[in-house]
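Chemist: Could you have a look at this structure, given as structure tokens, before my questions?
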Amino acid sequence: MVSADIVASGLEQYTSRSLETVSTILDKVVTRVTAAYGPITLEHESITEILSRAFRGPMVDNIIIVNASGRWVNDAYGDPNRESMLADRDYFRTHQMMPADAVFLDQPLIARTGGERFVAASRSLTDEDGQFLGVVAAIISPNHYEKLFQEVGATIPGSLALLDERGPVVASVGPVPKSLLNGLATDNGELPSGLFQNPESGERHLVVARPITGYPLHQVVTADLSQVLAPWHRSLLSYLGLGGGTSLVLGFGLLLLWRESARNEAIQRQLHESESRFRSLIESTTDFVWEMDENGYCVYASPQVEDIMGYPPEEIVGMRPYDPMTPREQDRMVDVYHSIIESREPFHLLENRNVHRDGHEVVLETSGTPVFDEEGHFRGYRGIDRDITERKRLEEALRALALLSGKETEETFFQLTVRNLSKALGLHLAVLIREEGEGDSPSVCAFHDELGELRAPAIPEQIIARLSAEARLILRENAADDLSQDPLVKALGATSVLATTIRHSSGSRWGWLICLDRKPISQTRASRAEPVLDVFASRITLELDRNQAHADLSWEASHDALTGLLNRRAFDDQLRIVTTQAPEPGRTHALIYMDLDQFKVVNDTCGHMAGDELLRQLSRAMNRRLRKTDLLARLGGDEFGLLLANCPVERSMEIAEGLLETVRAFQFSWEGRAFSVGASIGIAHTRESNLEHDSLLAQADLACYAAKDLGRNRIQVYQSDNAHIQARHGEMGWVPRLDRALAEDRFELFGQWIVPVQADSSRLPSLEILLRLRDENGDLVSPAQFIPAAERYNLMSRIDRHVIDQVLLRASRMPSHLRPRRWSINLSGTSLGDGTLAGFIESRFQAHGVDPAWFCFEITETAAISNFEEAQGLCQRLRKLGARVGLDDFGSGLSSFAYLRQIQLDAMKIDGSFVRHVAEDPVARSMVQAMHQVGKAMRLDTVAEFVEDHQTLLVLRDIGIDLAQGFALHRPQPLDSLDLPPTPTDDGSYQ
């Protein structure tokens, strides 16, 4: 009975440890596969390498991955049966329905390909959002356990078996009574130890059963009593079957006694050998075995107690279980153990805190079973104590690690992490070291010294060098010899080193996590420490990635995506901070505003990709000319801002001149073509504190526009008395006035008739819409005063839309006999760049129910050339709607004839600068005539503007011009009081 009990206990420990090993393997695999998944698939060879590295025999035959659809997609051998569907396996369905973070042990299965028996231990795979990705399964072979059973069960007349509570036999040696299995299946997985009688055959068996903690398994040892007692039965029958005298009986009796004595001696010898063998098996474990009597005093302790508690076995003998415990634990456990002894029932996994002989705390997990003699009298308990101090430390450290919210500063997170790691491993020192940039030495980010001896740890140069080659370093002892030149090892007098490399999820190295201790550590402790290091390293990697993601988002929010410079919002924030502080004595805060010249030529000629590349290259070139404290930003389009805090005026001018020289010297090449650009630069200085940052920016902007007005490609310093700056300042004052005028509907529409020039013409007059502004005092303001400001400050698009809507509304309400044949509406250059304008015009046509053929939209030649692609698209859409398109101010640009053929037009209005002098200047007449001929060749109506006298009209009629407008024909009038179109008189004039 004692031998069977010891065998069952020993095998239970071995099975528990082996399954813990499998669980650790699965933890590693899941962590590493989850980290790798995303950029690669579960089928990738990198996943195969992870499985292969984690694969350990002889107990585990293979490690496989089943994807979310149930297909076997990868394994440790790199040769999965991808046609095999495993979605019907219990372990897959269990994880699919409940993807919990726990190991699931399936019932024994039969392989579909080879027919071999196996058991699958599995973990689910999930992504960061908890989505089910599949299953990782370790394939465990029962053969490993059966070989072990054969080795240790040679002297037991019965069977050794590992049984599943759900019924099946996992592994066995010797026949397992069928009725025993039936009893297991019907008793809710409970299998008590004791005598067991087969109800069918009447055979009696001695059964010793030990549950495998945490798994639905029992370790079972059975012995057939008939085989144990068979030798005695045979001897007794032989003795009773003999006749004869007393001496003969006595002789045979003596012979039998001698034989029985010899046989008993052999049995006792076998029992002693068996006891010795199984005592050795138990004593080879890391747990210690104990026995106590019926009064609760220890009568036996295995040698491991000294390794765990520091007491030799002979000192433990005679103690009660709670004697070595901490005082607080004694108060709790005295009553617990008295209740256990009174109940005489088995107990399992009783946690208790004890004091090591050296004074530190040791946490034990105690399990025991009652012992009865042959007559059924209670004789005490026999059990096992397992040291779970490291596990509890690790649980507490991981719990503390899990409680980190990610809202801590990086410094705080690192410090808490190394402290938890030091406590989890029970080691003296934990250090986190960051690898700095090329040429810089590594730096200590955080450290935890359990003894509080070190102020600042030295950089462990030799350890780092080893980690660069090995990725992980485990030295259990003799670290002082292997790393004799390492500064940290020498300073600490370290004997053991555990270290690993920290990497970003991208694979690039970030630094190292290093633990040291003055004492050597065991192989078991080192093997347990490896996954702990992996967990902490993975947690640090996760935090690094999270911080990098936040940094990336912050960077993207504050930087221009194209050039990498600060964006407008971030620049404004920095400018606001600087302008709240007065500069140092003798210095100023300087703001430089720069607008590139000729940049649009590159965009229009080579496309936006070329323009973007020019901005990138030029930004890098400018950055190289600046100090580290200077802030360069892209404010939008081809505009840049540069903030120079605490900079002398002379130095700010030098920097501005250096920027201008950089731009002038910059040569941009694109597809074999070379381009140069220039820059107009404005500078504003301030020595004030609490200056509104908008004011400083406006000053620099005004100076920049003044530089443009003075010829471009130059620098202009803001001075309040400068005439050009005063003019620009006046324009800026129009911005709020125009906003209010739009809101208060103070724009008024005027009209000027355009009439036929030729006496026999069938053309009818049309009306050009002109714009005026009624100011705050009720006076009319001409467009020459506010249009430049509206164009410069991007208000013209809103004004154009207002005019279009008002004109179409009036046209819809005007009686047909009074309505002009055609209305001409001017569009600004700003509106040409508005990709939504054509859609707006179409929606207004529909809303007001007017015919698009009533309207002609005029675009200036300069605006058309500057926004050529946009002008082409807009003209096509307007003509497709049925409206007409005219080119205004023709001849004022430099490339009119080249562009004219590429835009779909209906009319061409010749610039007034040529028309005004056509009567007295032969050159002007020739140019107007040439323009008219080009228009006729393209089948366009030709219109002459600025006709201010009768003689000019006669010359235009002689040239053949179709239509004309000007003060000689009709002066602009408000639409509300518009006269009928003028009619020709006998002398060809109009009245």
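Scheme for the structure tokens: letters A, B, ... for chains in order shown; per-chain residue numbers from 1; ligand numbers from 1 in order shown.
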Find the residues near Met927 in chain A: any atom within 12 Å, counting only C-alpha atoms, skip ones fewer than 5 places away on the same chain, and give them as an mmCIF file with all heavy atoms, in the first residue's frame.
Modeler:
data_model
loop_
_atom_site.group_PDB
_atom_site.id
_atom_site.type_symbol
_atom_site.label_atom_id
_atom_site.label_comp_id
_atom_site.auth_asym_id
_atom_site.auth_seq_id
_atom_site.Cartn_x
_atom_site.Cartn_y
_atom_site.Cartn_z
ATOM 1 N N PHE A 890 -8.401 90.208 -73.444
ATOM 2 C CA PHE A 890 -7.512 89.464 -74.335
ATOM 3 C C PHE A 890 -6.402 90.386 -74.852
ATOM 4 O O PHE A 890 -6.649 91.507 -75.282
ATOM 5 C CB PHE A 890 -8.301 88.882 -75.517
ATOM 6 C CG PHE A 890 -7.447 88.052 -76.441
ATOM 7 C CD1 PHE A 890 -7.022 86.796 -76.070
ATOM 8 C CD2 PHE A 890 -7.053 88.554 -77.678
ATOM 9 C CE1 PHE A 890 -6.232 86.043 -76.916
ATOM 10 C CE2 PHE A 890 -6.264 87.804 -78.525
ATOM 11 C CZ PHE A 890 -5.843 86.540 -78.145
ATOM 12 N N GLY A 891 -5.155 89.862 -74.833
ATOM 13 C CA GLY A 891 -4.008 90.629 -75.276
ATOM 14 C C GLY A 891 -3.167 91.149 -74.134
ATOM 15 O O GLY A 891 -2.046 91.604 -74.335
ATOM 16 N N SER A 892 -3.671 91.065 -72.878
ATOM 17 C CA SER A 892 -2.918 91.581 -71.733
ATOM 18 C C SER A 892 -1.873 90.585 -71.248
ATOM 19 O O SER A 892 -0.924 90.957 -70.567
ATOM 20 C CB SER A 892 -3.867 91.943 -70.589
ATOM 21 O OG SER A 892 -4.579 90.782 -70.169
ATOM 22 N N ILE A 910 -11.418 92.137 -76.403
ATOM 23 C CA ILE A 910 -10.078 92.710 -76.590
ATOM 24 C C ILE A 910 -9.810 93.739 -75.503
ATOM 25 O O ILE A 910 -10.660 94.583 -75.189
ATOM 26 C CB ILE A 910 -9.952 93.342 -77.988
ATOM 27 C CG1 ILE A 910 -10.196 92.259 -79.057
ATOM 28 C CG2 ILE A 910 -8.590 93.986 -78.173
ATOM 29 C CD1 ILE A 910 -10.284 92.826 -80.461
ATOM 30 N N ASP A 911 -8.611 93.637 -74.919
ATOM 31 C CA ASP A 911 -8.257 94.491 -73.786
ATOM 32 C C ASP A 911 -8.363 95.975 -74.163
ATOM 33 O O ASP A 911 -7.947 96.402 -75.248
ATOM 34 C CB ASP A 911 -6.838 94.172 -73.327
ATOM 35 C CG ASP A 911 -6.484 94.896 -72.049
ATOM 36 O OD1 ASP A 911 -7.070 94.568 -70.996
ATOM 37 O OD2 ASP A 911 -5.633 95.799 -72.100
ATOM 38 N N GLY A 912 -8.922 96.773 -73.214
ATOM 39 C CA GLY A 912 -9.164 98.193 -73.466
ATOM 40 C C GLY A 912 -7.916 99.005 -73.681
ATOM 41 O O GLY A 912 -7.965 100.090 -74.284
ATOM 42 N N SER A 913 -6.746 98.535 -73.213
ATOM 43 C CA SER A 913 -5.518 99.301 -73.405
ATOM 44 C C SER A 913 -5.165 99.419 -74.869
ATOM 45 O O SER A 913 -4.489 100.371 -75.281
ATOM 46 C CB SER A 913 -4.374 98.646 -72.632
ATOM 47 O OG SER A 913 -4.141 97.321 -73.113
ATOM 48 N N PHE A 914 -5.587 98.447 -75.708
ATOM 49 C CA PHE A 914 -5.371 98.532 -77.147
ATOM 50 C C PHE A 914 -6.488 99.350 -77.817
ATOM 51 O O PHE A 914 -6.259 100.148 -78.713
ATOM 52 C CB PHE A 914 -5.304 97.146 -77.774
ATOM 53 C CG PHE A 914 -4.186 96.290 -77.226
ATOM 54 C CD1 PHE A 914 -4.454 95.258 -76.327
ATOM 55 C CD2 PHE A 914 -2.872 96.518 -77.595
ATOM 56 C CE1 PHE A 914 -3.442 94.480 -75.835
ATOM 57 C CE2 PHE A 914 -1.852 95.733 -77.096
ATOM 58 C CZ PHE A 914 -2.129 94.709 -76.201
ATOM 59 N N VAL A 915 -7.726 99.116 -77.338
ATOM 60 C CA VAL A 915 -8.887 99.745 -77.976
ATOM 61 C C VAL A 915 -8.863 101.256 -77.779
ATOM 62 O O VAL A 915 -9.205 102.031 -78.677
ATOM 63 C CB VAL A 915 -10.191 99.148 -77.418
ATOM 64 C CG1 VAL A 915 -11.413 99.891 -77.979
ATOM 65 C CG2 VAL A 915 -10.262 97.658 -77.710
ATOM 66 N N HIS A 917 -6.621 103.473 -77.854
ATOM 67 C CA HIS A 917 -5.758 104.272 -78.751
ATOM 68 C C HIS A 917 -5.860 103.837 -80.204
ATOM 69 O O HIS A 917 -5.028 104.209 -81.021
ATOM 70 C CB HIS A 917 -4.299 104.139 -78.293
ATOM 71 C CG HIS A 917 -4.081 104.513 -76.856
ATOM 72 N ND1 HIS A 917 -4.203 105.814 -76.413
ATOM 73 C CD2 HIS A 917 -3.789 103.740 -75.766
ATOM 74 C CE1 HIS A 917 -3.967 105.835 -75.100
ATOM 75 N NE2 HIS A 917 -3.710 104.599 -74.691
ATOM 76 N N VAL A 918 -6.884 103.092 -80.527
ATOM 77 C CA VAL A 918 -6.961 102.525 -81.874
ATOM 78 C C VAL A 918 -7.150 103.605 -82.946
ATOM 79 O O VAL A 918 -6.720 103.424 -84.098
ATOM 80 C CB VAL A 918 -8.078 101.476 -81.943
ATOM 81 C CG1 VAL A 918 -9.450 102.137 -81.871
ATOM 82 C CG2 VAL A 918 -7.958 100.610 -83.174
ATOM 83 N N ASP A 921 -3.366 105.550 -83.012
ATOM 84 C CA ASP A 921 -2.113 104.771 -82.987
ATOM 85 C C ASP A 921 -2.203 103.626 -83.991
ATOM 86 O O ASP A 921 -2.961 102.671 -83.784
ATOM 87 C CB ASP A 921 -1.874 104.251 -81.577
ATOM 88 C CG ASP A 921 -0.530 103.557 -81.436
ATOM 89 O OD1 ASP A 921 0.155 103.376 -82.457
ATOM 90 O OD2 ASP A 921 -0.174 103.167 -80.297
ATOM 91 N N PRO A 922 -1.422 103.706 -85.090
ATOM 92 C CA PRO A 922 -1.476 102.645 -86.099
ATOM 93 C C PRO A 922 -1.092 101.268 -85.529
ATOM 94 O O PRO A 922 -1.628 100.247 -85.948
ATOM 95 C CB PRO A 922 -0.477 103.099 -87.165
ATOM 96 C CG PRO A 922 -0.319 104.560 -86.954
ATOM 97 C CD PRO A 922 -0.522 104.818 -85.514
ATOM 98 N N HIS A 932 -8.723 90.519 -83.834
ATOM 99 C CA HIS A 932 -10.030 90.278 -84.441
ATOM 100 C C HIS A 932 -9.944 89.144 -85.465
ATOM 101 O O HIS A 932 -10.824 88.260 -85.508
ATOM 102 C CB HIS A 932 -10.549 91.556 -85.095
ATOM 103 C CG HIS A 932 -11.764 91.347 -85.948
ATOM 104 N ND1 HIS A 932 -13.006 91.032 -85.424
ATOM 105 C CD2 HIS A 932 -11.921 91.385 -87.314
ATOM 106 C CE1 HIS A 932 -13.864 90.893 -86.407
ATOM 107 N NE2 HIS A 932 -13.227 91.100 -87.568
ATOM 108 N N GLN A 933 -8.917 89.136 -86.263
ATOM 109 C CA GLN A 933 -8.767 88.087 -87.278
ATOM 110 C C GLN A 933 -8.570 86.707 -86.640
ATOM 111 O O GLN A 933 -9.094 85.708 -87.122
ATOM 112 C CB GLN A 933 -7.589 88.429 -88.192
ATOM 113 C CG GLN A 933 -7.845 89.622 -89.108
ATOM 114 C CD GLN A 933 -6.624 90.050 -89.879
ATOM 115 O OE1 GLN A 933 -5.528 89.530 -89.640
ATOM 116 N NE2 GLN A 933 -6.790 90.994 -90.797
ATOM 117 N N VAL A 934 -7.817 86.670 -85.547
ATOM 118 C CA VAL A 934 -7.647 85.389 -84.828
ATOM 119 C C VAL A 934 -8.996 84.918 -84.297
ATOM 120 O O VAL A 934 -9.362 83.741 -84.413
ATOM 121 C CB VAL A 934 -6.629 85.547 -83.679
ATOM 122 C CG1 VAL A 934 -6.641 84.299 -82.784
ATOM 123 C CG2 VAL A 934 -5.232 85.763 -84.239
ATOM 124 N N LEU A 956 -13.396 100.748 -85.177
ATOM 125 C CA LEU A 956 -13.735 99.356 -84.832
ATOM 126 C C LEU A 956 -14.703 98.775 -85.869
ATOM 127 O O LEU A 956 -14.614 97.594 -86.230
ATOM 128 C CB LEU A 956 -14.351 99.299 -83.425
ATOM 129 C CG LEU A 956 -13.410 99.677 -82.267
ATOM 130 C CD1 LEU A 956 -14.185 99.691 -80.946
ATOM 131 C CD2 LEU A 956 -12.250 98.682 -82.171
ATOM 132 N N ILE A 959 -12.733 97.863 -88.854
ATOM 133 C CA ILE A 959 -11.964 96.612 -88.662
ATOM 134 C C ILE A 959 -12.867 95.391 -88.778
ATOM 135 O O ILE A 959 -12.451 94.329 -89.251
ATOM 136 C CB ILE A 959 -11.253 96.647 -87.293
ATOM 137 C CG1 ILE A 959 -10.138 97.705 -87.301
ATOM 138 C CG2 ILE A 959 -10.676 95.291 -86.923
ATOM 139 C CD1 ILE A 959 -9.480 97.922 -85.952
#
Chemist: Among the residues of range 344-441 of chain A, find those DSSP assigns to strand (DSSP E) from the backbone and print them as a PyMOL selection string.
Modeler: chain A and resi 347-355+361-372+378-387+429-434
Chemist: Can you write out the residues you just picked, keeping C-alpha atoms, as a compact mmCIF listing (two decimals), in the first residue's frame?
Modeler:
# COMPACT_ATOMS: atom_id res chain seq x y z
CA PHE A 347 -6.90 18.24 1.25
CA HIS A 348 -5.31 19.93 -1.75
CA LEU A 349 -3.38 23.10 -2.66
CA LEU A 350 -3.50 24.74 0.75
CA GLU A 351 -1.42 27.93 0.49
CA ASN A 352 0.56 29.00 3.54
CA ARG A 353 3.33 31.50 4.26
CA ASN A 354 6.38 30.27 6.17
CA VAL A 355 9.59 31.75 7.53
CA GLU A 361 9.29 34.39 3.49
CA VAL A 362 8.54 31.13 1.68
CA VAL A 363 5.09 30.39 0.24
CA LEU A 364 4.16 26.69 0.16
CA GLU A 365 1.31 24.83 -1.50
CA THR A 366 0.41 21.80 0.62
CA SER A 367 -1.60 18.70 -0.35
CA GLY A 368 -2.17 15.64 1.82
CA THR A 369 -4.12 12.42 2.08
CA PRO A 370 -5.11 10.49 5.25
CA VAL A 371 -3.32 7.21 6.14
CA PHE A 372 -5.16 4.25 7.65
CA PHE A 378 -6.39 6.56 11.30
CA ARG A 379 -2.61 6.92 11.51
CA GLY A 380 -2.06 10.44 10.24
CA TYR A 381 -1.40 12.16 6.91
CA ARG A 382 1.09 11.85 4.09
CA GLY A 383 1.59 14.68 1.62
CA ILE A 384 3.71 17.03 -0.45
CA ASP A 385 4.74 20.66 -0.01
CA ARG A 386 5.54 22.60 -3.16
CA ASP A 387 7.49 25.88 -3.10
CA LEU A 429 19.25 44.17 -9.35
CA ALA A 430 17.17 44.85 -12.49
CA VAL A 431 18.33 47.42 -15.06
CA LEU A 432 16.71 48.75 -18.23
CA ILE A 433 19.19 50.22 -20.71
CA ARG A 434 18.39 52.17 -23.87
Chemist: Give the alpha helix (DSSP H) residues of range 557-801 of chain A, as DSSP finds them on the backbone, and put them as an MDAnalysis selection string.
Modeler: chainID A and resid 557:558 568:578 599:606 608:623 649:665 693:709 723:744 783:792 796:801
Chemist: Could you give me, as a count of residues only, the residues within 12 Å of Val735 in chain A, counting only C-alpha atoms and dropping anything in the same chain fewer than 6 positions from it?
Modeler: 15
Chemist: Considering only C-alpha atoms, state which residue in the set A:Asp88, A:Glu43, A:Glu12, A:Asp694 is at the smallest distance from Leu163 in chain A.
Modeler: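 The answer is A:Glu12, which sits nearest to Leu163 in chain A.
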Chemist: Please identify all polymer residues within 12 Å of Asp482 in chain A, counting only C-alpha atoms, omitting same-chain residues fewer than 4 positions from it, and present them as a short mmCIF file (atom, residue, chain, number, x, y, z; two decimals) with all heavy atoms, in the first residue's frame.
Modeler:
data_model
loop_
_atom_site.label_atom_id
_atom_site.label_comp_id
_atom_site.auth_asym_id
_atom_site.auth_seq_id
_atom_site.Cartn_x
_atom_site.Cartn_y
_atom_site.Cartn_z
N GLN A 462 30.20 44.59 -21.22
CA GLN A 462 30.47 43.23 -21.67
C GLN A 462 29.19 42.43 -21.84
O GLN A 462 29.05 41.64 -22.78
CB GLN A 462 31.41 42.53 -20.68
CG GLN A 462 32.15 41.33 -21.28
CD GLN A 462 33.22 40.81 -20.35
OE1 GLN A 462 33.46 41.35 -19.27
NE2 GLN A 462 33.88 39.74 -20.77
N ILE A 463 28.22 42.65 -20.95
CA ILE A 463 26.92 41.97 -21.08
C ILE A 463 26.25 42.42 -22.38
O ILE A 463 25.70 41.60 -23.13
CB ILE A 463 26.02 42.29 -19.87
CG1 ILE A 463 26.59 41.66 -18.60
CG2 ILE A 463 24.59 41.79 -20.11
CD1 ILE A 463 25.80 41.98 -17.34
N ARG A 466 27.75 40.73 -25.33
CA ARG A 466 27.29 39.35 -25.46
C ARG A 466 25.86 39.30 -25.99
O ARG A 466 25.52 38.45 -26.83
CB ARG A 466 27.34 38.65 -24.09
CG ARG A 466 28.76 38.35 -23.60
CD ARG A 466 29.30 37.06 -24.21
NE ARG A 466 28.55 35.90 -23.79
CZ ARG A 466 28.83 35.18 -22.69
NH1 ARG A 466 29.87 35.54 -21.92
NH2 ARG A 466 28.11 34.13 -22.39
N LEU A 473 20.93 36.14 -22.58
CA LEU A 473 22.08 35.65 -21.83
C LEU A 473 21.60 35.11 -20.49
O LEU A 473 20.96 35.83 -19.72
CB LEU A 473 23.09 36.79 -21.62
CG LEU A 473 24.36 36.45 -20.85
CD1 LEU A 473 25.17 35.42 -21.59
CD2 LEU A 473 25.18 37.71 -20.60
N ILE A 474 21.89 33.83 -20.23
CA ILE A 474 21.53 33.19 -18.97
C ILE A 474 22.81 32.63 -18.37
O ILE A 474 23.36 31.64 -18.88
CB ILE A 474 20.49 32.08 -19.15
CG1 ILE A 474 19.26 32.61 -19.91
CG2 ILE A 474 20.10 31.48 -17.80
CD1 ILE A 474 18.46 33.62 -19.15
N LEU A 475 23.31 33.23 -17.30
CA LEU A 475 24.47 32.72 -16.57
C LEU A 475 24.01 32.43 -15.14
O LEU A 475 23.70 33.35 -14.37
CB LEU A 475 25.61 33.74 -16.57
CG LEU A 475 26.23 34.07 -17.93
CD1 LEU A 475 27.29 35.13 -17.77
CD2 LEU A 475 26.82 32.82 -18.57
N ARG A 476 23.96 31.15 -14.78
CA ARG A 476 23.44 30.77 -13.46
C ARG A 476 24.49 30.94 -12.38
O ARG A 476 24.15 31.09 -11.21
CB ARG A 476 22.92 29.34 -13.50
CG ARG A 476 21.77 29.12 -14.48
CD ARG A 476 21.15 27.76 -14.32
NE ARG A 476 22.07 26.68 -14.64
CZ ARG A 476 22.67 25.89 -13.76
NH1 ARG A 476 22.44 26.05 -12.47
NH2 ARG A 476 23.49 24.93 -14.15
N GLU A 477 25.76 30.84 -12.76
CA GLU A 477 26.83 30.96 -11.79
C GLU A 477 28.11 31.35 -12.54
O GLU A 477 28.16 31.36 -13.77
CB GLU A 477 27.03 29.63 -11.04
CG GLU A 477 27.25 28.44 -11.97
CD GLU A 477 27.19 27.13 -11.25
OE1 GLU A 477 26.92 27.15 -10.03
OE2 GLU A 477 27.44 26.08 -11.88
N ASN A 478 29.10 31.70 -11.80
CA ASN A 478 30.41 32.05 -12.38
C ASN A 478 30.34 33.24 -13.33
O ASN A 478 31.14 33.34 -14.26
CB ASN A 478 31.02 30.84 -13.12
CG ASN A 478 31.24 29.67 -12.19
OD1 ASN A 478 31.57 29.86 -11.01
ND2 ASN A 478 31.03 28.46 -12.70
N ASP A 486 33.31 43.20 -17.01
CA ASP A 486 32.08 44.01 -17.06
C ASP A 486 31.99 44.91 -15.84
O ASP A 486 32.06 44.43 -14.70
CB ASP A 486 30.84 43.11 -17.12
CG ASP A 486 29.59 43.89 -17.42
OD1 ASP A 486 28.96 44.38 -16.46
OD2 ASP A 486 29.25 44.03 -18.60
N VAL A 489 29.02 43.95 -13.34
CA VAL A 489 29.25 42.67 -12.67
C VAL A 489 30.30 42.85 -11.58
O VAL A 489 30.17 42.34 -10.46
CB VAL A 489 29.68 41.60 -13.69
CG1 VAL A 489 30.12 40.33 -12.98
CG2 VAL A 489 28.55 41.29 -14.66
N LYS A 490 31.36 43.59 -11.88
CA LYS A 490 32.42 43.82 -10.90
C LYS A 490 31.90 44.66 -9.73
O LYS A 490 32.20 44.37 -8.57
CB LYS A 490 33.61 44.50 -11.57
CG LYS A 490 34.33 43.61 -12.56
CD LYS A 490 35.29 44.40 -13.45
CE LYS A 490 36.42 45.01 -12.65
NZ LYS A 490 37.39 45.71 -13.54
N ALA A 494 28.48 40.21 -8.92
CA ALA A 494 27.39 39.33 -9.37
C ALA A 494 27.91 37.93 -9.70
O ALA A 494 29.01 37.77 -10.22
CB ALA A 494 26.71 39.93 -10.59
N THR A 495 27.09 36.95 -9.40
CA THR A 495 27.37 35.55 -9.73
C THR A 495 26.47 35.07 -10.86
O THR A 495 26.88 34.27 -11.69
CB THR A 495 27.18 34.66 -8.49
OG1 THR A 495 28.09 35.08 -7.48
CG2 THR A 495 27.44 33.20 -8.83
N SER A 496 25.22 35.56 -10.88
CA SER A 496 24.26 35.13 -11.89
C SER A 496 23.76 36.34 -12.68
O SER A 496 23.62 37.44 -12.14
CB SER A 496 23.08 34.39 -11.25
OG SER A 496 22.50 35.19 -10.24
N VAL A 497 23.49 36.09 -13.96
CA VAL A 497 23.01 37.14 -14.87
C VAL A 497 21.90 36.56 -15.73
O VAL A 497 22.05 35.49 -16.32
CB VAL A 497 24.14 37.68 -15.78
CG1 VAL A 497 23.57 38.68 -16.78
CG2 VAL A 497 25.24 38.32 -14.96
#
Chemist: To one decimal place in Å, what is the distance between CA of Leu874 in chain A and CA of Ala944 in chain A?
Modeler: 24.0 Å
Chemist: Using only C-alpha atoms, determine which residues lie at most 8 Å from Pro820 in chain A, disregarding the query and same-chain residues fewer than 3 positions distant; provide the list as number ranges by chain.
Modeler: A: 765-767, 823
Chemist: Those residues with all heavy atoms, as an mmCIF file, in the first residue's frame please?
Modeler:
data_model
loop_
_atom_site.group_PDB
_atom_site.id
_atom_site.type_symbol
_atom_site.label_atom_id
_atom_site.label_comp_id
_atom_site.auth_asym_id
_atom_site.auth_seq_id
_atom_site.Cartn_x
_atom_site.Cartn_y
_atom_site.Cartn_z
ATOM 1 N N PRO A 765 -28.257 93.363 -78.326
ATOM 2 C CA PRO A 765 -27.437 93.820 -77.192
ATOM 3 C C PRO A 765 -27.438 92.793 -76.039
ATOM 4 O O PRO A 765 -28.392 92.028 -75.854
ATOM 5 C CB PRO A 765 -28.121 95.114 -76.764
ATOM 6 C CG PRO A 765 -28.920 95.547 -77.952
ATOM 7 C CD PRO A 765 -29.364 94.288 -78.632
ATOM 8 N N SER A 766 -26.334 92.793 -75.273
ATOM 9 C CA SER A 766 -26.263 91.987 -74.051
ATOM 10 C C SER A 766 -25.824 92.894 -72.914
ATOM 11 O O SER A 766 -25.340 94.017 -73.136
ATOM 12 C CB SER A 766 -25.288 90.820 -74.220
ATOM 13 O OG SER A 766 -23.991 91.283 -74.517
ATOM 14 N N LEU A 767 -25.960 92.414 -71.680
ATOM 15 C CA LEU A 767 -25.719 93.250 -70.504
ATOM 16 C C LEU A 767 -24.593 92.650 -69.656
ATOM 17 O O LEU A 767 -24.658 91.485 -69.245
ATOM 18 C CB LEU A 767 -26.994 93.359 -69.657
ATOM 19 C CG LEU A 767 -26.904 94.275 -68.441
ATOM 20 C CD1 LEU A 767 -26.798 95.735 -68.884
ATOM 21 C CD2 LEU A 767 -28.127 94.078 -67.539
ATOM 22 N N TRP A 823 -26.826 87.848 -70.377
ATOM 23 C CA TRP A 823 -26.198 88.483 -69.224
ATOM 24 C C TRP A 823 -24.734 88.021 -69.183
ATOM 25 O O TRP A 823 -24.453 86.826 -69.248
ATOM 26 C CB TRP A 823 -26.865 88.059 -67.909
ATOM 27 C CG TRP A 823 -28.356 88.229 -67.870
ATOM 28 C CD1 TRP A 823 -29.273 87.541 -68.586
ATOM 29 C CD2 TRP A 823 -29.081 89.131 -67.054
ATOM 30 N NE1 TRP A 823 -30.548 87.948 -68.278
ATOM 31 C CE2 TRP A 823 -30.454 88.943 -67.312
ATOM 32 C CE3 TRP A 823 -28.736 90.108 -66.115
ATOM 33 C CZ2 TRP A 823 -31.463 89.664 -66.682
ATOM 34 C CZ3 TRP A 823 -29.728 90.817 -65.471
ATOM 35 C CH2 TRP A 823 -31.080 90.607 -65.760
#
Chemist: Find the residue from A:Arg624, A:Arg957, A:Arg798, A:His589 that sits nearest to Pro648 in chain A; use only C-alpha atoms when measuring.
Modeler: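 Closest residue, counting only C-alpha atoms: A:His589.
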Chemist: So, counting only C-alpha atoms, which residue among A:Met609, A:Arg746, A:Ser680, A:Thr588 is closest to Ala645 in chain A?
Modeler: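 Checking each of A:Met609, A:Arg746, A:Ser680, A:Thr588 against Ala645 in chain A, counting only C-alpha atoms, the winner is A:Thr588.
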Chemist: Would you mind listing what lies within 10 Å of Leu148 in chain A as a PyMOL selection string, with only C-alpha atoms counted and same-chain residues fewer than 3 positions away left out?
Modeler: chain A and resi 11+143-145+151-153+160+172-173
Chemist: I need the residue nearest Trp72 in chain A from this list: A:Ala121, A:Leu42, A:Met653, A:Met59. Use only C-alpha atoms for the distance.
Modeler: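 Between A:Ala121, A:Leu42, A:Met653, A:Met59, the residue approaching Trp72 in chain A most closely is A:Leu42.
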